[in-house]
Amino acid sequence: MPTLISRPAPELDRARLPGGTASRRARVLVLDGQTTQALACVRSLGRAGYDVLVASDCRWPLGAWSRHSRARFRVKGETVAAFAELRAWARRLGVSVVLPLTERSCLLCDTERAAWTEVGITVGCAPTDVLMQAFDKGRVIARAEACGVSVPPTQFPDSLAACHAAAEVVGFPCVVKARRSNVPTEMGFSRDPGPGYAASHAELDQTVQARRQGEHWPIIQSWVAGQGKGVFALCDHGRVVAWFAHERLRDVQPSGSGSSLRRSAPTEARLRAPAERLLAALEWHGPAMVEFRDDDVHPPWLIEVNGRFWGSLALAIAAGVDFPLLWMRMLEGETVTAAPGYRDGVVVRWLWGDVKRFLHILRGRPPGYPAPYPGRAQAVRELFGPQPAGTRIETWDRHDPWPAVGEWVQGLRELAARIT
Ligand SMILES: Nc1ncnc2c1ncn2[C@@H]1O[C@H](COP(=O)(O)OP(=O)(O)O)[C@@H](O)[C@H]1O
Ligand SMILES: [Mg+2]
């Protein structure tokens, strides 16, 4: 059964949450409510005057703790059937736009786009043929090479023997990556364990087998040194309408992942130019994070394109680029242009991300990972020690305090579920 919000903040009932015809404000349904990007969208759109609803497969999703979240829906799973139930609920409440925030939700919404459109709901992501160009790591690397964007030497093997041959070509240590982060199955999606590292032939077999997706063998890449850097963009059919960049100060997983501490920074031309070329070649429509590794010597290497809103979205908004609002206006048919520039040096810390980092460090360096890895003393200093001047806590907003509580409730539940 759908649940109306019952967080410690205001309790709502149907009488105060009328269906579409009775409501004057456009109503938007934010999916993947457990993510930090969902909270950023809920706050941005709520502040802009939209009526925001939140859906998630978690019981108490972070985004639903916001005072801007008027109702929530618990999705039964990441399947077409569960999304059909979600759509029926959204239709009853007069939703006009649905915003999927993860690859899996984008794919599930797009699969049934006609059904969403039929009930008057715009799907807030590009069609699958556009999305898959980014969601398939092999395809995006090939496309980048074709438009002159530098990529780490990459091989596309089609058997275990070919993987060994590929590792010889790119050299050890090498990185082994599943072609796709999310592969649909009957029960939902299979999980990708993330990139693996192999320092020798002996380490390769297991790393490869864990990332094989049926007939799709993983890609094998040279490990390239340098700093992880990303540029963030909102595109209108291949044309970038807003840019943002940050400097990663800490990653959740020290061997490479989303960040837990980051500072807004100017969008470097050496990243922006290749990102712009690639997004134009993909005719990208919607938000995207283009991820590079940069050693400041070679042209930056493209790592991947995340074709969706990213975990640190709240930082972009805090620095003055309100991506969710711009995207929403585009979805409503406007041609948008972002105000040029944003504030440099804004630091936002995802506290729960730092807790997860702490646990990753305690667990130790992943097998085969070839670079220095932080030790326990550093882990303690990072979590409990002083932070850069002016650091803001991502979930904390004195005008909207509950998400700062919800983050711990959700995080501790997540931890408990892992332990049991
Ligand atoms: N070729 C590479 N060389 C060095 N580090 C890499 C390479 N490929 C990936 N990484 C590191 O691993 C992280 C995750 O890899 P990525 O391809 O972005 O997969 P995911 O889909 O898990 O984010 C990257 O952010 C980067 O830090
Ligand atoms: Mg990545």
# chains A, B, ... in the order shown; residues from 1 in each chain; ligands from 1

$ select_by_dssp --residues "region 31-268 of chain A" --states "alpha helix (DSSP H)" --output "PyMOL selection string"
chain A and resi 36-47+80-92+103-111+113-118+128-135+137-146+160-170+201-209

$ closest_atom_pairs --of "region 261-314 of chain A" --to "region 348-366 of chain A" --cutoff "10 Å" --atoms "only C-alpha atoms" --output "JSON lines"
{"residue": "A:Leu261", "atom": "CA", "partner": "A:Arg349", "partner_atom": "CA", "distance": 4.5}
{"residue": "A:Arg262", "atom": "CA", "partner": "A:Val348", "partner_atom": "CA", "distance": 5.8}
{"residue": "A:Arg263", "atom": "CA", "partner": "A:Val348", "partner_atom": "CA", "distance": 6.6}
{"residue": "A:Ser264", "atom": "CA", "partner": "A:Val348", "partner_atom": "CA", "distance": 8.6}
{"residue": "A:Gly311", "atom": "CA", "partner": "A:Trp350", "partner_atom": "CA", "distance": 9.4}
{"residue": "A:Ser312", "atom": "CA", "partner": "A:Trp350", "partner_atom": "CA", "distance": 8.2}
{"residue": "A:Ala314", "atom": "CA", "partner": "A:Val348", "partner_atom": "CA", "distance": 7.9}

$ write_last_selection --atoms "all heavy atoms" --output "short mmCIF file (atom, residue, chain, number, x, y, z; two decimals), in the first residue's frame"
data_model
loop_
_atom_site.label_atom_id
_atom_site.label_comp_id
_atom_site.auth_asym_id
_atom_site.auth_seq_id
_atom_site.Cartn_x
_atom_site.Cartn_y
_atom_site.Cartn_z
N LEU A 261 34.06 14.61 0.56
CA LEU A 261 34.42 16.01 0.83
C LEU A 261 34.90 16.63 -0.48
O LEU A 261 35.79 16.08 -1.13
CB LEU A 261 35.53 16.06 1.89
CG LEU A 261 35.88 17.46 2.40
CD1 LEU A 261 34.78 18.00 3.32
CD2 LEU A 261 37.21 17.48 3.17
N ARG A 262 34.30 17.74 -0.86
CA ARG A 262 34.68 18.36 -2.14
C ARG A 262 34.49 19.86 -2.10
O ARG A 262 33.70 20.37 -1.31
CB ARG A 262 33.97 17.76 -3.33
CG ARG A 262 32.52 17.35 -3.38
CD ARG A 262 31.89 16.83 -2.21
NE ARG A 262 30.98 15.71 -2.40
CZ ARG A 262 29.91 15.54 -1.65
NH1 ARG A 262 29.63 16.38 -0.66
NH2 ARG A 262 29.12 14.52 -1.82
N ARG A 263 35.26 20.51 -3.00
CA ARG A 263 35.27 21.98 -3.01
C ARG A 263 34.96 22.44 -4.44
O ARG A 263 35.54 21.90 -5.39
CB ARG A 263 36.67 22.43 -2.60
CG ARG A 263 36.84 23.93 -2.59
CD ARG A 263 38.30 24.31 -2.44
NE ARG A 263 38.81 24.08 -1.08
CZ ARG A 263 39.96 23.48 -0.80
NH1 ARG A 263 40.74 23.02 -1.78
NH2 ARG A 263 40.35 23.32 0.44
N SER A 264 34.06 23.40 -4.58
CA SER A 264 33.75 23.90 -5.93
C SER A 264 34.99 24.57 -6.51
O SER A 264 35.77 25.20 -5.79
CB SER A 264 32.57 24.87 -5.90
OG SER A 264 32.87 25.99 -5.12
N GLY A 311 26.19 12.29 -7.00
CA GLY A 311 26.05 12.32 -5.55
C GLY A 311 26.29 13.67 -4.91
O GLY A 311 25.69 14.02 -3.91
N SER A 312 27.19 14.46 -5.50
CA SER A 312 27.54 15.75 -4.86
C SER A 312 26.73 16.92 -5.42
O SER A 312 27.17 18.06 -5.35
CB SER A 312 29.03 16.03 -5.06
OG SER A 312 29.30 16.16 -6.45
N ALA A 314 24.37 18.59 -4.31
CA ALA A 314 24.10 19.68 -3.36
C ALA A 314 25.21 20.74 -3.40
O ALA A 314 24.95 21.92 -3.16
CB ALA A 314 23.98 19.12 -1.95
#

$ closest_atom_pairs --of "chain A" --to "ligand 1" --cutoff "9 Å" --atoms "only C-alpha atoms and all ligand atoms" --output "CSV"
residue,atom,partner,partner_atom_place_in_ligand_line,distance
A:Phe135,CA,ligand 1,21 (O),8.9
A:Lys137,CA,ligand 1,17 (O),7.5
A:Val151,CA,ligand 1,1 (N),8.2
A:Pro152,CA,ligand 1,1 (N),5.5
A:Pro153,CA,ligand 1,1 (N),7.9
A:Thr154,CA,ligand 1,1 (N),8.2
A:Cys174,CA,ligand 1,1 (N),7.4
A:Val175,CA,ligand 1,1 (N),5.7
A:Val176,CA,ligand 1,8 (N),8.2
A:Lys177,CA,ligand 1,17 (O),6.8
A:Ala178,CA,ligand 1,21 (O),8.6
A:Arg180,CA,ligand 1,21 (O),8.0
A:Ser181,CA,ligand 1,21 (O),5.9
A:Asp192,CA,ligand 1,22 (O),7.7
A:Pro193,CA,ligand 1,22 (O),7.6
A:Gly194,CA,ligand 1,22 (O),4.2
A:Pro195,CA,ligand 1,15 (O),5.6
A:Gly196,CA,ligand 1,12 (O),8.4
A:Ile220,CA,ligand 1,1 (N),8.5
A:Gln221,CA,ligand 1,1 (N),5.2
A:Ser222,CA,ligand 1,1 (N),5.2
A:Trp223,CA,ligand 1,3 (N),3.6
A:Val224,CA,ligand 1,3 (N),3.9
A:Ala225,CA,ligand 1,4 (C),5.9
A:Gly226,CA,ligand 1,4 (C),7.6
A:Gln227,CA,ligand 1,27 (O),7.9
A:Gly228,CA,ligand 1,27 (O),5.6
A:Lys229,CA,ligand 1,25 (O),8.4
A:Asp251,CA,ligand 1,27 (O),8.7
A:Gln253,CA,ligand 1,13 (C),8.8
A:Pro254,CA,ligand 1,27 (O),8.4
A:Ser255,CA,ligand 1,27 (O),6.2
A:Gly256,CA,ligand 1,27 (O),3.5
A:Ser257,CA,ligand 1,25 (O),4.8
A:Gly258,CA,ligand 1,25 (O),7.1
A:Glu291,CA,ligand 1,18 (O),6.9
A:Phe292,CA,ligand 1,25 (O),7.9
A:Arg293,CA,ligand 1,4 (C),7.0
A:Trp301,CA,ligand 1,1 (N),8.2
A:Leu302,CA,ligand 1,1 (N),8.6
A:Ile303,CA,ligand 1,17 (O),5.4
A:Glu304,CA,ligand 1,17 (O),5.5
A:Val305,CA,ligand 1,18 (O),8.0
A:Asn306,CA,ligand 1,21 (O),7.8

$ select_by_dssp --residues "region 243-320 of chain A" --states "strand (DSSP E)" --output "NGL selection string"
:A and (243-251 or 259-264 or 286-294 or 301-306)

$ closest_atom_pairs --of "region 337-370 of chain A" --to "region 242-250 of chain A" --cutoff "8 Å" --atoms "only C-alpha atoms" --output "tab-separated table"
residue	atom	partner	partner_atom	distance
A:Thr337	CA	A:Ala242	CA	7.0
A:Ala338	CA	A:Ala242	CA	5.4
A:Tyr342	CA	A:Phe244	CA	7.8

$ closest_residue --among "A:Gly238, A:Gly230, A:Pro374, A:Pro403" --to "ligand 2" --atoms "only C-alpha atoms and all ligand atoms"
A:Gly230

$ closest_residue --among "A:Leu107, A:Ile393, A:Ala166, A:Ala265" --to "Asn182 (chain A)" --atoms "only C-alpha atoms"
A:Leu107

$ residues_around --residues "Asp236 (chain A)" --least-positions-apart "3" --cutoff "8 Å" --atoms "only C-alpha atoms" --output "PyMOL selection string"
chain A and resi 239-241+284-286+330

$ residues_around --residues "Asp51 (chain A)" --least-positions-apart "5" --cutoff "10 Å" --atoms "only C-alpha atoms" --output "PyMOL selection string"
chain A and resi 17+23-29+42+45-46+68-71+95

$ closest_residue --among "A:Ala281, A:Val290, A:Ala115, A:Cys235" --to "ligand 2" --atoms "only C-alpha atoms and all ligand atoms"
A:Val290

$ closest_residue --among "A:Val252, A:Ile419, A:Leu279, A:Gly411" --to "ligand 2" --atoms "only C-alpha atoms and all ligand atoms"
A:Val252

$ closest_residue --among "A:Trp402, A:Pro300, A:Ala134, A:Ala417" --to "ligand 2" --atoms "only C-alpha atoms and all ligand atoms"
A:Ala134

$ closest_residue --among "A:Gly406, A:Gly341, A:Gly307, A:Gly390" --to "ligand 2" --atoms "only C-alpha atoms and all ligand atoms"
A:Gly307
